[in-house]
Structure formats: C-alpha cells, structure tokens
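K.L.:
mmCIF, C-alpha atoms, file model00.cif:
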data_entry
#
loop_
_atom_site.label_atom_id
_atom_site.label_comp_id
_atom_site.auth_asym_id
_atom_site.auth_seq_id
_atom_site.Cartn_x
_atom_site.Cartn_y
_atom_site.Cartn_z
CA SER A 1 15.06 -11.45 -17.89
CA SER A 2 18.68 -11.86 -18.88
CA TYR A 3 20.73 -9.17 -20.61
CA ARG A 4 22.76 -9.48 -23.78
CA GLY A 5 24.58 -6.51 -25.24
CA GLY A 6 22.92 -4.09 -22.83
CA ARG A 7 19.39 -5.07 -23.88
CA PRO A 8 16.96 -7.49 -22.29
CA ASP A 9 16.77 -10.95 -23.79
CA ARG A 10 13.02 -11.61 -23.74
CA GLY A 11 13.27 -15.06 -25.32
CA ARG A 12 12.21 -16.48 -28.68
CA GLY A 13 8.53 -16.54 -27.81
CA THR A 14 8.37 -12.83 -27.04
CA ARG A 15 10.40 -11.97 -30.14
CA ARG A 16 7.91 -13.95 -32.28
CA VAL A 17 5.05 -11.99 -30.70
CA HIS A 18 6.77 -8.67 -31.49
CA LYS A 19 7.28 -9.75 -35.10
CA ALA A 20 3.69 -10.89 -35.49
CA VAL A 21 2.36 -7.61 -34.09
CA ALA A 22 4.65 -5.55 -36.32
CA GLU A 23 3.48 -7.50 -39.42
CA GLY A 24 -0.17 -7.15 -38.48
CA ARG A 25 -0.70 -10.89 -37.98
CA MET A 26 -1.56 -10.62 -34.29
CA GLU A 27 -3.79 -8.29 -32.27
CA LEU A 28 -2.86 -7.81 -28.63
CA SER A 29 -4.70 -6.14 -25.81
CA THR A 30 -3.24 -2.91 -24.45
CA TYR A 31 -2.45 -4.61 -21.17
CA ARG A 32 -0.45 -7.35 -22.88
CA ILE A 33 1.46 -4.78 -24.94
CA LEU A 34 2.33 -2.94 -21.75
CA GLN A 35 3.59 -6.18 -20.27
CA LEU A 36 5.78 -6.94 -23.28
CA LEU A 37 7.11 -3.48 -24.11
CA VAL A 38 6.93 -1.45 -20.93
CA LEU A 39 6.96 -3.64 -17.87
CA HIS A 40 9.95 -5.79 -18.77
CA LYS A 41 13.10 -5.30 -16.72
CA CYS A 42 15.72 -3.13 -18.33
CA PRO A 43 19.05 -2.16 -16.76
CA PRO A 44 19.33 1.49 -15.68
CA GLN A 45 21.78 3.77 -17.39
CA SER A 46 24.46 4.98 -15.01
CA ASN A 47 27.96 6.33 -14.89
CA ALA A 48 30.98 4.58 -13.46
CA SER A 49 30.40 6.11 -10.04
CA MET A 50 27.46 3.76 -9.52
CA SER A 51 29.91 0.89 -9.29
CA GLN A 52 32.89 2.47 -7.59
CA SER A 53 35.63 0.18 -6.38
CA LYS A 54 35.99 -0.43 -2.66
CA SER A 55 39.21 1.61 -2.60
CA ASP A 56 37.43 4.57 -4.19
CA ARG A 57 34.65 4.40 -1.62
CA LEU A 58 37.12 4.21 1.26
CA ARG A 59 38.97 7.21 -0.11
CA ASN A 60 35.72 9.22 -0.40
CA GLN A 61 34.41 8.47 3.07
CA GLY A 62 33.51 11.54 5.08
CA ARG A 63 32.39 13.62 2.07
CA PRO A 64 28.92 14.83 1.06
CA LEU A 65 27.25 13.04 -1.85
CA ALA A 66 24.99 14.31 -4.64
CA VAL A 67 22.81 11.64 -6.28
CA LEU A 68 21.50 12.65 -9.71
CA PHE A 69 18.38 11.10 -11.30
CA GLY A 70 18.28 11.61 -15.08
CA TRP A 71 15.30 12.36 -17.31
CA LEU A 72 13.63 10.19 -19.95
CA GLY A 73 16.22 9.42 -22.62
CA CYS A 74 19.08 10.94 -20.61
CA LYS A 75 22.62 9.64 -21.02
CA PRO A 76 25.31 9.92 -18.31
CA ARG A 77 27.32 12.29 -20.50
CA TYR A 78 24.38 14.74 -20.58
CA LEU A 79 24.79 15.19 -16.82
CA ARG A 80 28.55 15.71 -16.92
CA ARG A 81 28.34 19.48 -16.46
CA TYR A 82 26.20 18.98 -13.35
CA GLU A 83 28.63 16.38 -12.06
CA ASP A 84 31.54 18.78 -12.65
CA LEU A 85 29.71 21.54 -10.80
CA TYR A 86 29.12 19.37 -7.75
CA ARG A 87 32.70 18.10 -7.73
CA GLN A 88 34.02 21.67 -7.89
CA LEU A 89 32.02 22.32 -4.72
CA GLY A 90 33.55 19.32 -2.98
CA TRP A 91 30.74 16.81 -3.39
CA ASP A 92 30.99 13.27 -4.68
CA VAL A 93 28.48 12.30 -7.36
CA GLU A 94 26.50 9.23 -8.35
CA ILE A 95 24.13 9.11 -11.32
CA TYR A 96 21.09 6.90 -11.91
CA THR A 97 18.77 7.11 -14.92
CA PRO A 98 15.80 4.73 -15.12
CA SER A 99 15.37 3.05 -18.49
CA PRO A 100 12.63 4.39 -20.81
CA PRO A 101 10.41 1.31 -20.23
CA ALA A 102 10.65 1.81 -16.47
CA ILE A 103 9.73 5.49 -16.78
CA VAL A 104 6.78 4.80 -19.10
CA ALA A 105 5.50 2.11 -16.76
CA ALA A 106 5.82 4.47 -13.78
CA ALA A 107 3.87 7.11 -15.70
CA ILE A 108 0.88 5.00 -16.71
CA VAL A 109 0.62 2.05 -14.31
CA PRO A 110 -0.86 2.90 -10.87
CA PHE A 111 1.43 2.19 -7.93
CA ARG A 112 0.29 -0.90 -6.02
CA GLY A 113 3.31 -1.87 -3.94
CA HIS A 114 7.08 -1.95 -3.72
CA SER A 115 7.71 -4.15 -6.75
CA GLY A 116 8.75 -3.59 -10.33
CA VAL A 117 11.71 -2.04 -12.09
CA MET A 118 11.45 1.44 -10.56
CA SER A 119 11.18 0.12 -7.01
CA ASP A 120 14.13 -2.23 -7.63
CA LEU A 121 16.22 0.74 -8.75
CA ALA A 122 15.10 2.73 -5.69
CA PHE A 123 16.27 -0.04 -3.35
CA GLU A 124 19.55 -0.34 -5.25
CA THR A 125 20.10 3.42 -5.02
CA LEU A 126 19.64 3.37 -1.25
CA ARG A 127 22.01 0.43 -0.91
CA GLN A 128 24.67 2.25 -2.92
CA VAL A 129 24.22 5.45 -0.91
CA ASP A 130 24.59 3.51 2.33
CA SER A 131 27.75 1.78 1.10
CA ALA A 132 29.25 5.16 0.12
CA GLU A 133 29.33 6.09 3.83
CA CYS A 134 28.92 9.79 3.04
CA THR A 135 28.37 12.42 5.71
CA MET A 136 25.15 13.59 4.03
CA PHE A 137 23.50 13.43 0.63
CA VAL A 138 21.13 15.34 -1.62
CA LEU A 139 18.96 14.04 -4.45
CA HIS A 140 18.96 16.05 -7.68
CA VAL A 141 15.89 15.08 -9.71
CA PHE A 142 15.49 15.88 -13.41
CA SER A 143 12.02 15.88 -14.98
CA ASN A 144 9.48 13.16 -14.19
CA GLY A 145 11.96 10.43 -15.08
CA GLY A 146 13.81 11.36 -11.92
CA ALA A 147 10.67 12.29 -9.99
CA PHE A 148 9.21 8.79 -10.39
CA LEU A 149 12.37 7.32 -8.87
CA LEU A 150 12.28 9.89 -6.05
CA GLU A 151 8.65 8.95 -5.39
CA ARG A 152 9.63 5.32 -4.76
CA ILE A 153 12.53 6.33 -2.51
CA ARG A 154 10.25 8.56 -0.46
CA LEU A 155 7.74 5.76 -0.07
CA ILE A 156 10.46 3.29 0.95
CA LEU A 157 12.02 5.59 3.54
CA SER A 158 8.57 6.43 4.92
CA ASP A 159 7.62 2.75 5.30
CA THR A 160 9.90 1.27 7.96
CA VAL A 161 8.48 -2.25 7.64
CA VAL A 162 9.03 -2.41 3.88
CA ALA A 163 12.46 -0.81 4.10
CA ASN A 164 13.59 -3.20 6.82
CA SER A 165 12.47 -6.27 4.89
CA ALA A 166 13.69 -5.17 1.45
CA LEU A 167 16.99 -3.39 2.05
CA LYS A 168 19.91 -5.79 2.09
CA PHE A 169 23.51 -4.82 2.80
CA PRO A 170 25.66 -7.86 1.94
CA GLU A 171 28.96 -5.97 1.99
CA LYS A 172 28.63 -5.12 5.67
CA SER A 173 29.11 -7.23 8.74
CA TYR A 174 26.68 -6.45 11.52
CA LYS A 175 26.44 -7.54 15.11
CA GLY A 176 23.24 -7.83 17.07
CA SER A 177 19.61 -8.05 16.08
CA GLY A 178 19.08 -7.96 12.33
CA GLU A 179 15.81 -6.04 12.55
CA SER A 180 17.19 -3.35 14.86
CA ILE A 181 20.24 -2.99 12.63
CA MET A 182 18.07 -2.54 9.56
CA SER A 183 16.03 0.09 11.41
CA SER A 184 19.19 1.97 12.31
CA VAL A 185 20.41 1.84 8.69
CA VAL A 186 17.12 3.19 7.34
CA GLN A 187 17.04 5.89 10.01
CA GLY A 188 20.63 6.76 9.14
CA LEU A 189 19.68 7.22 5.49
CA ARG A 190 16.80 9.48 6.51
CA ASP A 191 19.11 11.55 8.72
CA LYS A 192 21.72 11.91 5.98
CA LEU A 193 19.21 13.01 3.31
CA VAL A 194 19.37 16.79 3.76
CA GLY A 195 17.94 18.12 0.50
CA VAL A 196 16.10 17.46 -2.76
CA ILE A 197 16.53 19.54 -5.93
CA PHE A 198 13.68 19.35 -8.44
CA ASP A 199 15.07 20.39 -11.85
CA SER A 200 12.25 20.83 -14.41
CA ALA A 201 10.21 18.68 -12.06
CA PRO A 202 7.77 17.51 -11.05
CA ALA A 203 5.71 17.85 -14.23
CA GLN A 204 1.97 17.63 -13.75
CA TYR A 205 0.20 15.61 -16.42
CA SER A 206 -3.43 14.58 -16.81
CA GLY A 207 -3.09 11.42 -18.85
CA THR A 208 -4.99 12.87 -21.80
CA ASP A 209 -2.91 15.93 -22.69
CA GLY A 210 -0.35 14.16 -24.89
CA GLN A 211 2.49 15.20 -22.61
CA LEU A 212 3.88 11.68 -22.29
CA ALA A 213 3.79 11.26 -26.08
CA ARG A 214 5.83 14.44 -26.51
CA ALA A 215 8.32 13.30 -23.88
CA LEU A 216 8.73 9.92 -25.59
CA GLU A 217 9.94 11.69 -28.73
CA HIS A 218 13.18 12.37 -26.82
CA THR A 219 13.95 8.67 -26.40
CA SER A 220 16.13 6.61 -28.71
CA LEU A 221 15.04 5.81 -32.26
CA TRP A 222 15.23 2.08 -31.43
CA TYR A 223 12.74 2.38 -28.60
CA ARG A 224 10.35 4.64 -30.54
CA MET A 225 10.35 2.21 -33.46
CA ARG A 226 9.40 -0.65 -31.14
CA LEU A 227 6.58 1.42 -29.67
CA HIS A 228 5.25 2.48 -33.07
CA ALA A 229 5.50 -1.05 -34.49
CA SER A 230 3.50 -2.48 -31.62
CA GLY A 231 0.73 0.10 -31.96
CA ILE A 232 1.11 1.21 -28.35
CA PHE A 233 1.35 4.87 -29.38
CA ASP A 234 -2.09 4.66 -31.01
CA ARG A 235 -3.58 2.78 -28.07
CA LEU A 236 -2.12 5.06 -25.40
CA PHE A 237 -2.70 8.42 -27.04
CA GLN A 238 -5.61 8.00 -29.45
CA GLY A 239 -8.53 6.89 -27.37
CA ASP A 240 -7.92 3.45 -25.86
CA ALA A 241 -10.22 3.36 -22.82
CA PHE A 242 -8.06 1.09 -20.66
CA ALA A 243 -4.94 3.16 -21.27
CA LYS A 244 -6.73 6.45 -20.58
CA GLU A 245 -8.24 5.25 -17.33
CA SER A 246 -4.96 3.78 -16.13
CA GLN A 247 -2.91 6.82 -17.04
CA GLN A 248 -5.40 9.27 -15.50
CA LYS A 249 -5.43 7.30 -12.25
CA ARG A 250 -1.64 7.14 -12.18
CA ALA A 251 -1.25 10.86 -12.99
CA SER A 252 -3.59 11.78 -10.14
CA GLN A 253 -1.78 9.42 -7.77
CA PHE A 254 1.62 10.85 -8.70
CA TRP A 255 0.62 14.49 -8.23
CA GLU A 256 -1.09 13.78 -4.92
CA HIS A 257 2.16 12.25 -3.69
CA MET A 258 4.19 15.25 -4.87
CA CYS A 259 1.85 17.56 -2.95
CA ASN A 260 1.48 15.59 0.28
CA ALA A 261 4.69 13.55 0.62
CA PRO A 262 6.49 13.86 3.97
CA LEU A 263 9.42 16.25 4.06
CA LEU A 264 12.68 14.27 4.04
CA GLY A 265 14.95 17.28 3.41
CA ILE A 266 14.95 20.90 2.31
CA GLU A 267 13.49 21.23 -1.19
CA LEU A 268 14.51 23.45 -4.11
CA TYR A 269 12.33 23.71 -7.22
CA ILE A 270 14.04 24.99 -10.40
CA HIS A 271 11.73 25.61 -13.36
CA SER A 272 10.88 28.11 -16.11
CA VAL A 273 7.76 29.88 -17.31
CA ASP A 274 7.97 28.68 -20.92
CA ASP A 275 8.79 25.00 -20.32
CA PRO A 276 6.11 23.04 -22.23
CA LEU A 277 6.91 19.75 -20.50
CA CYS A 278 6.81 21.09 -16.94
CA PRO A 279 3.87 23.51 -16.52
CA SER A 280 5.09 26.44 -14.45
CA ASN A 281 1.72 27.26 -12.87
CA ALA A 282 1.40 23.76 -11.45
CA VAL A 283 4.89 23.95 -9.92
CA ASP A 284 4.03 27.36 -8.40
CA GLU A 285 0.91 25.91 -6.80
CA LEU A 286 2.86 22.90 -5.52
CA VAL A 287 5.53 25.14 -3.98
CA HIS A 288 2.95 27.37 -2.28
CA HIS A 289 1.12 24.33 -0.92
CA ARG A 290 4.23 22.76 0.55
CA GLN A 291 5.42 26.12 1.91
CA ALA A 292 2.13 26.44 3.74
CA VAL A 293 2.63 22.99 5.26
CA PHE A 294 6.38 22.96 5.98
CA GLY A 295 7.41 26.64 5.90
CA LYS A 296 9.22 28.85 3.40
CA GLU A 297 12.62 28.05 4.89
CA LYS A 298 12.15 24.37 3.98
CA ILE A 299 10.63 24.88 0.52
CA VAL A 300 12.37 27.28 -1.88
CA ALA A 301 12.10 27.91 -5.62
CA ARG A 302 14.01 29.50 -8.50
CA LYS A 303 11.89 30.34 -11.52
CA PHE A 304 13.39 31.54 -14.81
CA GLU A 305 11.39 33.41 -17.42
CA SER A 306 12.78 31.42 -20.33
CA SER A 307 14.89 28.28 -20.57
CA PRO A 308 14.34 24.86 -22.17
CA HIS A 309 13.36 21.72 -20.28
CA CYS A 310 16.25 20.36 -18.18
CA SER A 311 18.54 23.05 -19.62
CA HIS A 312 18.39 25.82 -17.01
CA LEU A 313 22.11 25.48 -16.27
CA LEU A 314 22.94 26.02 -19.95
CA SER A 315 20.67 29.06 -20.28
CA HIS A 316 21.41 30.73 -16.93
CA ARG A 317 24.74 29.42 -15.74
CA ASN A 318 25.59 32.12 -13.19
CA GLU A 319 22.11 32.31 -11.67
CA TYR A 320 21.83 28.53 -11.59
CA HIS A 321 25.25 28.18 -9.97
CA PHE A 322 24.34 30.76 -7.30
CA SER A 323 20.96 29.14 -6.54
CA LEU A 324 22.43 25.66 -6.24
CA THR A 325 25.40 26.80 -4.15
CA SER A 326 23.15 28.76 -1.79
CA PHE A 327 20.85 25.79 -1.43
CA LEU A 328 23.67 23.37 -0.67
CA ASP A 329 25.07 25.82 1.86
CA HIS A 330 21.63 25.93 3.49
CA CYS A 331 21.51 22.13 3.56
CA CYS A 332 24.96 21.92 5.15
CA SER A 333 24.01 24.48 7.80
CA ALA A 334 20.88 22.54 8.68
CA SER A 335 22.69 19.20 8.84
CA PRO A 336 23.91 17.81 12.18
CA HIS A 337 27.10 16.70 10.39
CA LYS A 338 29.19 19.85 10.66
CA SER A 339 32.64 18.41 9.91
CA ILE A 340 32.23 17.79 6.18
CA LYS A 341 34.76 18.06 3.39
CA SER A 342 33.01 20.59 1.21
CA LYS A 343 34.22 23.79 -0.42
CA LEU A 344 30.97 25.66 0.25
#
Reformat the file's structure so that it appears as structure tokens.

P.N.:
Amino acid sequence: SSYRGGRPDRGRGTRRVHKAVAEGRMELSTYRILQLLVLHKCPPQSNASMSQSKSDRLRNQGRPLAVLFGWLGCKPRYLRRYEDLYRQLGWDVEIYTPSPPAIVAAAIVPFRGHSGVMSDLAFETLRQVDSAECTMFVLHVFSNGGAFLLERIRLILSDTVVANSALKFPEKSYKGSGESIMSSVVQGLRDKLVGVIFDSAPAQYSGTDGQLARALEHTSLWYRMRLHASGIFDRLFQGDAFAKESQQKRASQFWEHMCNAPLLGIELYIHSVDDPLCPSNAVDELVHHRQAVFGKEKIVARKFESSPHCSHLLSHRNEYHFSLTSFLDHCCSASPHKSIKSKL
C-alpha cells in the first residue's frame, strides 16, 4: 500500500467495497473484512527520535537507550512525561506505537510466521536500535499494544535463522562473511537488551470477554467509524463463530508466550488492582510463574492499589519514579557495559 496524508491509499476498488458495505449493498465475510480493515499496512506512530539524523546518533553514541512501545490509540505526546523522566536519568529515548489496525490484527489473528505489519515494525525497531549504537537498552511496554510488538521482538531474537535472514543494516559497511556478521549483530542486540518494563501489561484476554471492544473505544473516532460502518464490531463481539475461534486461539497463544518466553533481560511488571483492562490477578500469577522459573532477582513487580490503565506515573509519581530508577540501576549493575553515561 502507498500512503497519502498519513493514511494508507487502498485504491479505488477497496474504497468502493467500503462504501458498498457501509450502505448495506454488499455482505462480506468476516475474514474479508479483517483483510480490508485490519490487516492492511499502516505506518506506525512515532516521535522524531525514530528518525534521528546521523549527527544526532553520533553525538548520542555510548549512552543507554530506552525504547518505548505505546498502547492502542497512543500518541507520541502522551508519552512525553515518560520520555522526560528517562532523559533526566541520562537515557536516550525512542518511541514506537503500532497503528490500531496492526494491534487489532495482532490481537485476533493467530501468529503463523514473521510476516505482517507487527513483525515489520519489530524488524525496523531492531534495525534502529542497532544503528543507535547504544551501550545498552531497555524496552518499556505499555498495555497489549506494546506487548504484541515485544512478543515479535522476542521471537525474532530467539530465532537466529529468521533474524539473520530478515535483519538488514544498509547504513553499515561490514567486512567478512555476511552470515557471521549478521549473527554477531543479533547476538549484540541480545547482549545489550538488559531489561523490559511491562506497564499495565501484559493484559490477559479470553477472546469472548469484550476486553478488546472496550480497548477499541480509546482509538480515534475515524477508525471507530470505519469499524462500525463495516459491521466488524458486530461480527467480532456479538457471536461470529469464525471471529470467536480465531480470537480465542490467538489469546491463548499470546498468554502462553508471555508465560514461557525466554528471559532476554530483567523484567519489571507495573500494574494496579483496579485496572479493568489489565486484570491484576493474571499479572500476579504470571509474575509468580516466571519468578519460579528465572528467580525473584530477575522478575520483579510493583503493584498499586488504585490507578487507571497506563496512568500509574500520573497517580503515583514518586513511587513510580523510585521503582523505575531502582530497576534501571539494577539493569545497569547487571550489564557488562559498566562505562555508561547515565545519571543513575
């Protein structure tokens, strides 16, 4: 797809289909609707740091990097306070937010390989992190919008063959065997990933509890109108058999990965008891499971009694600041890169 004005240009044929569906003149299968409205490529939202100039990257070499993954409907400006916090601590920041169609597709379409919008963004993220030439990096994941992107990155870094064949680094000039160089780059990314912060994530969902429908209400009016006009809301959340089966399978697949994924860095889980979009009991069980596998020093948690979804920093600024700072200090201590430019 091409892009015009920040939105995908699907072509006249697809626009005619959308109009016919909206006017009730055409009936489409759920799968076809998913293809048209959910699985199309849509550019990720990001801040300017995603496309830093070469001079900026050279100036920031030798510093730790925090990579933030936004939630469904998140705008870069919503993450500014988190960016400011990291920069005050001496970390550079990059922000990536998958588009709503990419997040919806990742939530309901079972994972079958390293293809699609979310996987493309995962590869692009790793390429950008490599080009930043940071000393180390952490991933800060907000809600399932960020967790779906993290899932793809974990799978890529755990699959050497796929990573070697898919990661391309055109800005660099290498000498020697291409395959061995790719292996060293992927291994370097694994070594530099020292921590993962789950912020209101991951959220367990069953596929039949209406959780995705509630989350979609936080997206833009334009996107919700397209979904309602197509009838996909009714099909997904009011009994369509295909949609239910697909979403249940994907939900189970996602949660199994969150429980059993290999440890790529120290993990911090930040959540609250009264968050309706991220069930606290499920996160508690996930933390206990991973602590039993990897140890309590590698898996830590901070649970608040009351704070809204993805708003723990706003509700508990001092406690949040202390938890994040302590975690980053722990990550730096565990990293082999001791000479970092950080104010921790």

K.L.:
Tell me, as a PDB file with C-alpha atoms, keeping the file's coordinate frame, which residues lie within 8 Å of region 306-319 of chain A, counting only C-alpha atoms; anything in the same chain fewer than 3 positions away does not count.

P.N.:
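Written output follows (out-v6.pdb):
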ATOM      1  CA  PHE A 142      15.490  15.880 -13.410  1.00  0.00           C
ATOM      2  CA  SER A 143      12.020  15.880 -14.980  1.00  0.00           C
ATOM      3  CA  ASP A 199      15.070  20.390 -11.850  1.00  0.00           C
ATOM      4  CA  SER A 200      12.250  20.830 -14.410  1.00  0.00           C
ATOM      5  CA  ILE A 270      14.040  24.990 -10.400  1.00  0.00           C
ATOM      6  CA  HIS A 271      11.730  25.610 -13.360  1.00  0.00           C
ATOM      7  CA  SER A 272      10.880  28.110 -16.110  1.00  0.00           C
ATOM      8  CA  VAL A 273       7.760  29.880 -17.310  1.00  0.00           C
ATOM      9  CA  ASP A 274       7.970  28.680 -20.920  1.00  0.00           C
ATOM     10  CA  ASP A 275       8.790  25.000 -20.320  1.00  0.00           C
ATOM     11  CA  PRO A 276       6.110  23.040 -22.230  1.00  0.00           C
ATOM     12  CA  LEU A 277       6.910  19.750 -20.500  1.00  0.00           C
ATOM     13  CA  CYS A 278       6.810  21.090 -16.940  1.00  0.00           C
ATOM     14  CA  PHE A 322      24.340  30.760  -7.300  1.00  0.00           C
ATOM     15  CA  SER A 323      20.960  29.140  -6.540  1.00  0.00           C
TER      16      SER A 323
END

K.L.:
Restricting the calculation to all atoms listed in the file, which member of A:Val138, A:Val129, A:Val283, A:Val109 is positioned closest to Ser246 (chain A)?

P.N.:
A:Val109

K.L.:
Given the choices A:Ala107, A:Leu263, A:Met118, A:Ala301, which gets closest to Gln204 (chain A) if the distance is worked out from only C-alpha atoms?

P.N.:
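Of A:Ala107, A:Leu263, A:Met118, A:Ala301, the one nearest Gln204 (chain A), counting only C-alpha atoms, is A:Ala107.
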
K.L.:
Applied to the shown file, which residues does the PyMOL selection byres ((chain A and resi 85-88) around 10) return, written as a compact mmCIF listing (two decimals) with C-alpha atoms, in the frame of the given file?

P.N.:
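The resulting file, expr05.txt, is shown below:
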# COMPACT_ATOMS: atom_id res chain seq x y z
CA PRO A 64 28.92 14.83 1.06
CA LEU A 65 27.25 13.04 -1.85
CA ALA A 66 24.99 14.31 -4.64
CA ARG A 80 28.55 15.71 -16.92
CA ARG A 81 28.34 19.48 -16.46
CA TYR A 82 26.20 18.98 -13.35
CA GLU A 83 28.63 16.38 -12.06
CA ASP A 84 31.54 18.78 -12.65
CA LEU A 89 32.02 22.32 -4.72
CA GLY A 90 33.55 19.32 -2.98
CA TRP A 91 30.74 16.81 -3.39
CA ASP A 92 30.99 13.27 -4.68
CA VAL A 93 28.48 12.30 -7.36
CA HIS A 321 25.25 28.18 -9.97
CA LEU A 324 22.43 25.66 -6.24
CA THR A 325 25.40 26.80 -4.15
CA LEU A 328 23.67 23.37 -0.67
CA SER A 342 33.01 20.59 1.21
CA LYS A 343 34.22 23.79 -0.42
CA LEU A 344 30.97 25.66 0.25

K.L.:
Just give me the gap between CA of Arg290 (chain A) and CA of Arg152 (chain A) in Å, one decimal is fine.

P.N.:
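Pair CA of Arg290 (chain A) / CA of Arg152 (chain A) returns 19.0 Å.
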
K.L.:
Any chance you could work out the residue set of the PyMOL selection byres ((chain A and resi 189) around 12) here, as a count of residues only?

P.N.:
37

K.L.:
For Ala261 (chain A), find every residue with an atom within 9 Å (counting all atoms listed in the file), except residues of its own chain fewer than 4 positions away, and show them as a list in words.

P.N.:
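Listing them by chain and then by number gives Glu151, Arg154, Leu155, Glu256 and His257 of chain A.
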
K.L.:
Could you work out how far CA of Pro101 (chain A) lies from CA of Ser280 (chain A), giving the answer in Å with one decimal?

P.N.:
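Here the two named atoms are 26.3 Å from each other.
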
K.L.:
At what distance in Å, to one decimal, does CA of Gln253 (chain A) lie from CA of His289 (chain A)?

P.N.:
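Value for the CA of His289 (chain A)-CA of Gln253 (chain A) distance: 16.7 Å.
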
K.L.:
Between A:Val300, A:Met225, A:Pro202, A:Arg112, which residue has the minimum interatomic distance to Asn281 (chain A), considering all atoms listed in the file?

P.N.:
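Looking only at the distances to Asn281 (chain A), the closest residue turns out to be A:Pro202.
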
K.L.:
Find the residues around Leu139 (chain A) up to 7 Å (all atoms listed in the file counted), leave out those fewer than 4 positions away in its own chain, and share them as a ChimeraX atom specification.

P.N.:
/A:66-68,195-197
